[in-house]
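Listing of coords-v5.pdb, PDB, C-alpha atoms and all ligand atoms
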ATOM      1  CA  MET M   9    -107.258  78.315-164.543  1.00  0.00           C
ATOM      2  CA  PRO M  10    -104.562  75.770-163.855  1.00  0.00           C
ATOM      3  CA  ASP M  11    -102.971  75.676-160.411  1.00  0.00           C
ATOM      4  CA  LEU M  12    -100.371  78.428-160.567  1.00  0.00           C
ATOM      5  CA  THR M  13     -98.874  77.609-157.193  1.00  0.00           C
ATOM      6  CA  ASP M  14     -97.605  74.116-157.946  1.00  0.00           C
ATOM      7  CA  ALA M  15     -94.420  73.117-159.728  1.00  0.00           C
ATOM      8  CA  GLU M  16     -96.221  71.723-162.751  1.00  0.00           C
ATOM      9  CA  TRP M  17     -96.217  73.946-165.834  1.00  0.00           C
ATOM     10  CA  VAL M  18     -98.098  72.979-168.959  1.00  0.00           C
ATOM     11  CA  GLN M  19     -97.738  76.082-171.102  1.00  0.00           C
ATOM     12  CA  SER M  20     -94.060  76.777-170.578  1.00  0.00           C
ATOM     13  CA  ASP M  21     -91.029  75.408-168.750  1.00  0.00           C
ATOM     14  CA  GLY M  22     -92.050  77.383-165.671  1.00  0.00           C
ATOM     15  CA  SER M  23     -89.109  79.736-165.875  1.00  0.00           C
ATOM     16  CA  LEU M  24     -89.706  83.410-165.182  1.00  0.00           C
ATOM     17  CA  GLU M  25     -89.343  84.070-168.902  1.00  0.00           C
ATOM     18  CA  GLY M  26     -91.725  81.244-169.819  1.00  0.00           C
ATOM     19  CA  ILE M  27     -94.433  82.405-167.415  1.00  0.00           C
ATOM     20  CA  ARG M  28     -93.979  85.953-168.666  1.00  0.00           C
ATOM     21  CA  GLU M  29     -94.599  84.779-172.247  1.00  0.00           C
ATOM     22  CA  THR M  30     -97.781  82.927-171.235  1.00  0.00           C
ATOM     23  CA  ILE M  31     -99.097  86.022-169.516  1.00  0.00           C
ATOM     24  CA  MET M  32     -98.112  88.325-172.378  1.00  0.00           C
ATOM     25  CA  TRP M  33     -99.663  86.199-175.128  1.00  0.00           C
ATOM     26  CA  GLY M  34    -102.393  84.292-173.300  1.00  0.00           C
ATOM     27  CA  VAL M  35    -103.347  80.724-174.213  1.00  0.00           C
ATOM     28  CA  ARG M  36    -105.283  79.753-177.356  1.00  0.00           C
ATOM     29  CA  ARG M  37    -107.697  76.868-177.294  1.00  0.00           C
ATOM     30  CA  ARG M  38    -105.518  74.659-179.498  1.00  0.00           C
ATOM     31  CA  ASP M  39    -102.793  74.866-176.855  1.00  0.00           C
ATOM     32  CA  PHE M  40    -104.931  73.859-173.886  1.00  0.00           C
ATOM     33  CA  ALA M  41    -103.554  70.956-171.893  1.00  0.00           C
ATOM     34  CA  ASP M  42    -107.044  70.434-170.468  1.00  0.00           C
ATOM     35  CA  GLU M  43    -109.524  70.513-173.349  1.00  0.00           C
ATOM     36  CA  SER M  44    -112.531  70.784-171.050  1.00  0.00           C
ATOM     37  CA  ARG M  45    -111.644  74.402-170.268  1.00  0.00           C
ATOM     38  CA  ARG M  46    -114.277  76.807-171.512  1.00  0.00           C
ATOM     39  CA  PHE M  47    -112.439  80.054-172.127  1.00  0.00           C
ATOM     40  CA  GLU M  48    -109.234  80.997-173.810  1.00  0.00           C
ATOM     41  CA  MET M  49    -106.843  83.164-171.886  1.00  0.00           C
ATOM     42  CA  ASN M  50    -106.450  86.498-173.578  1.00  0.00           C
ATOM     43  CA  PRO M  51    -103.151  88.391-173.520  1.00  0.00           C
ATOM     44  CA  ALA M  52    -102.505  89.826-170.060  1.00  0.00           C
ATOM     45  CA  GLY M  53    -105.387  87.714-168.767  1.00  0.00           C
ATOM     46  CA  GLY M  54    -107.723  90.057-170.643  1.00  0.00           C
ATOM     47  CA  MET M  55    -106.620  93.122-168.740  1.00  0.00           C
ATOM     48  CA  ASN M  56    -105.131  96.291-170.107  1.00  0.00           C
ATOM     49  CA  LEU M  57    -101.690  96.009-168.570  1.00  0.00           C
ATOM     50  CA  GLU M  58     -98.468  97.774-169.414  1.00  0.00           C
ATOM     51  CA  TRP M  59     -95.435  95.612-170.121  1.00  0.00           C
ATOM     52  CA  GLU M  60     -93.996  96.397-166.679  1.00  0.00           C
ATOM     53  CA  GLU M  61     -97.244  95.347-165.037  1.00  0.00           C
ATOM     54  CA  MET M  62     -97.284  92.023-166.902  1.00  0.00           C
ATOM     55  CA  ALA M  63     -93.676  91.468-165.885  1.00  0.00           C
ATOM     56  CA  ALA M  64     -94.610  92.176-162.253  1.00  0.00           C
ATOM     57  CA  VAL M  65     -97.544  89.731-162.389  1.00  0.00           C
ATOM     58  CA  ALA M  66     -95.243  87.122-163.956  1.00  0.00           C
ATOM     59  CA  ALA M  67     -92.709  87.618-161.178  1.00  0.00           C
ATOM     60  CA  TYR M  68     -95.445  87.128-158.603  1.00  0.00           C
ATOM     61  CA  VAL M  69     -96.756  83.951-160.280  1.00  0.00           C
ATOM     62  CA  TRP M  70     -93.203  82.625-160.557  1.00  0.00           C
ATOM     63  CA  SER M  71     -92.606  83.386-156.864  1.00  0.00           C
ATOM     64  CA  MET M  72     -95.594  81.330-155.750  1.00  0.00           C
ATOM     65  CA  GLU M  73     -93.691  78.183-156.602  1.00  0.00           C
ATOM     66  CA  ASN M  74     -90.189  79.477-156.075  1.00  0.00           C
ATOM     67  CA  GLY M  75     -90.565  82.062-153.361  1.00  0.00           C
ATOM     68  CA  THR M  76     -91.974  82.799-149.975  1.00  0.00           C
ATOM     69  CA  PHE M  77     -95.195  84.680-150.730  1.00  0.00           C
ATOM     70  CA  LEU M  78     -97.665  81.970-149.763  1.00  0.00           C
ATOM     71  CA  PRO M  79     -98.814  82.220-146.139  1.00  0.00           C
ATOM     72  CA  SER M  80    -100.398  78.766-146.492  1.00  0.00           C
ATOM     73  CA  ARG M  81     -96.942  77.293-146.798  1.00  0.00           C
ATOM     74  CA  GLY M  82     -96.015  78.671-143.414  1.00  0.00           C
ATOM     75  CA  ASN M  83     -93.320  80.927-144.757  1.00  0.00           C
TER      76      ASN M  83
HETATM   77  C1  LIG U 101    -103.983  88.106-164.352  1.00  0.00           C
HETATM   78  C2  LIG U 101    -104.715  87.060-164.697  1.00  0.00           C
HETATM   79  C3  LIG U 101    -104.106  85.763-165.174  1.00  0.00           C
HETATM   80  C4  LIG U 101    -102.865  85.258-164.968  1.00  0.00           C
HETATM   81  C5  LIG U 101    -101.709  85.861-164.182  1.00  0.00           C
HETATM   82  C6  LIG U 101    -102.813  83.972-165.637  1.00  0.00           C
HETATM   83  C7  LIG U 101    -101.719  83.144-165.666  1.00  0.00           C
HETATM   84  C8  LIG U 101    -101.661  81.934-166.321  1.00  0.00           C
HETATM   85  C9  LIG U 101    -100.486  81.095-166.423  1.00  0.00           C
HETATM   86  C10 LIG U 101     -99.125  81.412-165.806  1.00  0.00           C
HETATM   87  C11 LIG U 101    -100.831  80.000-167.144  1.00  0.00           C
HETATM   88  C12 LIG U 101     -99.914  78.827-167.510  1.00  0.00           C
HETATM   89  C13 LIG U 101     -99.955  77.769-166.424  1.00  0.00           C
HETATM   90  C14 LIG U 101     -99.063  76.584-166.744  1.00  0.00           C
HETATM   91  O1  LIG U 101     -98.198  76.677-167.633  1.00  0.00           O
HETATM   92  O2  LIG U 101     -99.218  75.560-166.074  1.00  0.00           O
HETATM   93  C15 LIG U 101    -102.219  80.140-167.522  1.00  0.00           C
HETATM   94  C16 LIG U 101    -102.922  79.240-168.284  1.00  0.00           C
HETATM   95  C17 LIG U 101    -104.237  79.352-168.627  1.00  0.00           C
HETATM   96  N1  LIG U 101    -105.076  80.383-168.281  1.00  0.00           N
HETATM   97 FE1  LIG U 101    -104.526  82.066-167.335  1.00  0.00          FE
HETATM   98  N2  LIG U 101    -104.013  83.743-166.244  1.00  0.00           N
HETATM   99  C18 LIG U 101    -104.834  84.823-165.986  1.00  0.00           C
HETATM  100  C19 LIG U 101    -106.141  84.989-166.416  1.00  0.00           C
HETATM  101  C20 LIG U 101    -106.879  84.048-167.108  1.00  0.00           C
HETATM  102  C21 LIG U 101    -108.273  84.186-167.473  1.00  0.00           C
HETATM  103  C22 LIG U 101    -109.117  85.424-167.163  1.00  0.00           C
HETATM  104  C23 LIG U 101    -108.635  83.031-168.120  1.00  0.00           C
HETATM  105  C24 LIG U 101    -109.935  82.608-168.713  1.00  0.00           C
HETATM  106  C25 LIG U 101    -111.096  83.220-168.536  1.00  0.00           C
HETATM  107  C26 LIG U 101    -107.466  82.183-168.156  1.00  0.00           C
HETATM  108  C27 LIG U 101    -107.437  80.926-168.714  1.00  0.00           C
HETATM  109  C28 LIG U 101    -106.310  80.131-168.809  1.00  0.00           C
HETATM  110  C29 LIG U 101    -106.284  78.858-169.531  1.00  0.00           C
HETATM  111  C30 LIG U 101    -107.459  78.202-170.274  1.00  0.00           C
HETATM  112  C31 LIG U 101    -104.984  78.364-169.414  1.00  0.00           C
HETATM  113  C32 LIG U 101    -104.430  77.069-170.037  1.00  0.00           C
HETATM  114  C33 LIG U 101    -104.962  75.865-169.331  1.00  0.00           C
HETATM  115  C34 LIG U 101    -104.546  74.576-169.993  1.00  0.00           C
HETATM  116  O3  LIG U 101    -103.495  74.501-170.643  1.00  0.00           O
HETATM  117  O4  LIG U 101    -105.317  73.606-169.867  1.00  0.00           O
HETATM  118  N3  LIG U 101    -106.420  82.822-167.535  1.00  0.00           N
HETATM  119  N4  LIG U 101    -102.712  81.317-166.994  1.00  0.00           N
END

As structure tokens, what does this structure read like?
Ligand code: HEM
Amino acid sequence: MPDLTDAEWVQSDGSLEGIRETIMWGVRRRDFADESRRFEMNPAGGMNLEWEEMAAVAAYVWSMENGTFLPSRGN
């Protein structure tokens, strides 16, 4: 997995919508930024999530860079 807490996005522009798309569709091998990765990312990270759940996960991932959820940042 790439670092999801930094401000560097390789699969999308890092917008809420972009992150949501990555999580909804997953990442195929041909789209890997780092070709040494072993496993593709399946849609919803391989879990059986409802659309609302994927949207909630996307909001959380987005917030790690943009928000205040990370205790390690002293927020
Ligand atoms: C709920 C679980 C998961 C979430 C929320 C998630 C989220 C993400 C996001 C947001 C990205 C894009 C990062 C960027 O644009 O910089 C990404 C990329 C990726 N994820 Fe996941 N992911 C999950 C599970 C998994 C699993 C289970 C695997 C593999 C076993 C996986 C493999 C990958 C790979 C290979 C990439 C692309 C790396 C690259 O471009 O080099 N992900 N994931």

Item to check | Within 12 Å of Glu25 (chain M) using all atoms listed in the file, minus same-chain residues under 2 positions, as a PyMOL selection string | outcome: chain M and resi 19-23+27-32+62-67+69-70

Checklist entry - What gap, in Å, lies between CA of Asp11 (chain M) and CA of Leu57 (chain M)? => result 21.9 Å

Item to check | Among listed residues M:Val18, M:Glu61, M:Thr13, M:Tyr68, nearest Asp39 (chain M) (using only C-alpha atoms) | outcome: M:Val18

Next on the checklist: Please enumerate the residues selected by the PyMOL selection byres (((chain M and resi 51) around 7) and not hetatm) when evaluated against the supplied file, formatted as a list in words.
Outcome noted: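 Taken on the displayed file, the PyMOL selection byres (((chain M and resi 51) around 7) and not hetatm) yields the residues Ile31, Met32, Trp33, Gly34, Met49, Asn50, Ala52, Gly53 and Gly54 of chain M.
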
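Here atom C19 of ligand LIG 101 (chain U) stands at a distance of 7.0 Å from CA of Met9 (chain M).
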
Checklist entry - What is the CA of Phe40 (chain M) to CA of Trp59 (chain M) distance in Å? => result 24.0 Å

Item to check | Which residue of M:Asp42, M:Arg37, M:Gly26, M:Met72 approaches ligand LIG 101 (chain U) most closely, using all atoms listed in the file | outcome: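 Between M:Asp42, M:Arg37, M:Gly26, M:Met72, the residue approaching ligand LIG 101 (chain U) most closely is M:Asp42.
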
Report, as AutoDock Vina command-line options, the centre and edge lengths in Å (one decimal) of the axis-aligned box enclosing every listed atom of ligand LIG 101 (chain U), padded by 4 Å on each side.
--center_x -104.6 --center_y 80.9 --center_z -167.4 --size_x 20.9 --size_y 22.5 --size_z 14.5

Checklist entry - Smallest atom-to-atom distance to Glu16 (chain M): which of M:Glu43, M:Asn74, M:Asn56, M:Val35, using all atoms listed in the file? => result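 Comparing M:Glu43, M:Asn74, M:Asn56, M:Val35 against Glu16 (chain M), the winner is M:Asn74.
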
Checklist entry - Taking into account all atoms listed in the file, which residue in the set M:Arg46, M:Arg38, M:Trp17, M:Glu73 is nearest to ligand LIG 101 (chain U)? => result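 Ranked by minimum distance to ligand LIG 101 (chain U), first place goes to M:Trp17.
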
Item to check | Selected residue, from M:Leu24, M:Glu60, M:Ser71, M:Arg45, that lies nearest to ligand LIG 101 (chain U) when counting all atoms listed in the file | outcome: M:Arg45

Can you fill out region 59-72 of chain M with N, CA and C atoms and hand it back as a CSV table (one decimal), keeping the file's coordinate frame?
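The resulting file, result-v1.csv, is shown below:
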chain,number,residue,atom,x,y,z
M,59,TRP,N,-96.4,96.7,-170.1
M,59,TRP,CA,-95.4,95.6,-170.1
M,59,TRP,C,-94.9,95.4,-168.7
M,60,GLU,N,-94.6,96.5,-168.0
M,60,GLU,CA,-94.0,96.4,-166.7
M,60,GLU,C,-95.0,95.7,-165.7
M,61,GLU,N,-96.2,96.0,-165.9
M,61,GLU,CA,-97.2,95.3,-165.0
M,61,GLU,C,-97.3,93.8,-165.3
M,62,MET,N,-97.3,93.5,-166.6
M,62,MET,CA,-97.3,92.0,-166.9
M,62,MET,C,-96.0,91.4,-166.3
M,63,ALA,N,-94.9,92.0,-166.4
M,63,ALA,CA,-93.7,91.5,-165.9
M,63,ALA,C,-93.8,91.3,-164.4
M,64,ALA,N,-94.4,92.3,-163.7
M,64,ALA,CA,-94.6,92.2,-162.3
M,64,ALA,C,-95.5,91.0,-161.9
M,65,VAL,N,-96.6,90.8,-162.6
M,65,VAL,CA,-97.5,89.7,-162.4
M,65,VAL,C,-96.8,88.4,-162.6
M,66,ALA,N,-96.0,88.3,-163.7
M,66,ALA,CA,-95.2,87.1,-164.0
M,66,ALA,C,-94.3,86.8,-162.8
M,67,ALA,N,-93.6,87.8,-162.3
M,67,ALA,CA,-92.7,87.6,-161.2
M,67,ALA,C,-93.5,87.1,-160.0
M,68,TYR,N,-94.7,87.6,-159.7
M,68,TYR,CA,-95.4,87.1,-158.6
M,68,TYR,C,-95.8,85.7,-158.8
M,69,VAL,N,-96.4,85.3,-160.0
M,69,VAL,CA,-96.8,84.0,-160.3
M,69,VAL,C,-95.6,83.0,-160.1
M,70,TRP,N,-94.4,83.4,-160.7
M,70,TRP,CA,-93.2,82.6,-160.6
M,70,TRP,C,-92.9,82.4,-159.1
M,71,SER,N,-93.0,83.5,-158.3
M,71,SER,CA,-92.6,83.4,-156.9
M,71,SER,C,-93.5,82.5,-156.1
M,72,MET,N,-94.7,82.2,-156.5
M,72,MET,CA,-95.6,81.3,-155.8
M,72,MET,C,-95.0,79.9,-155.6
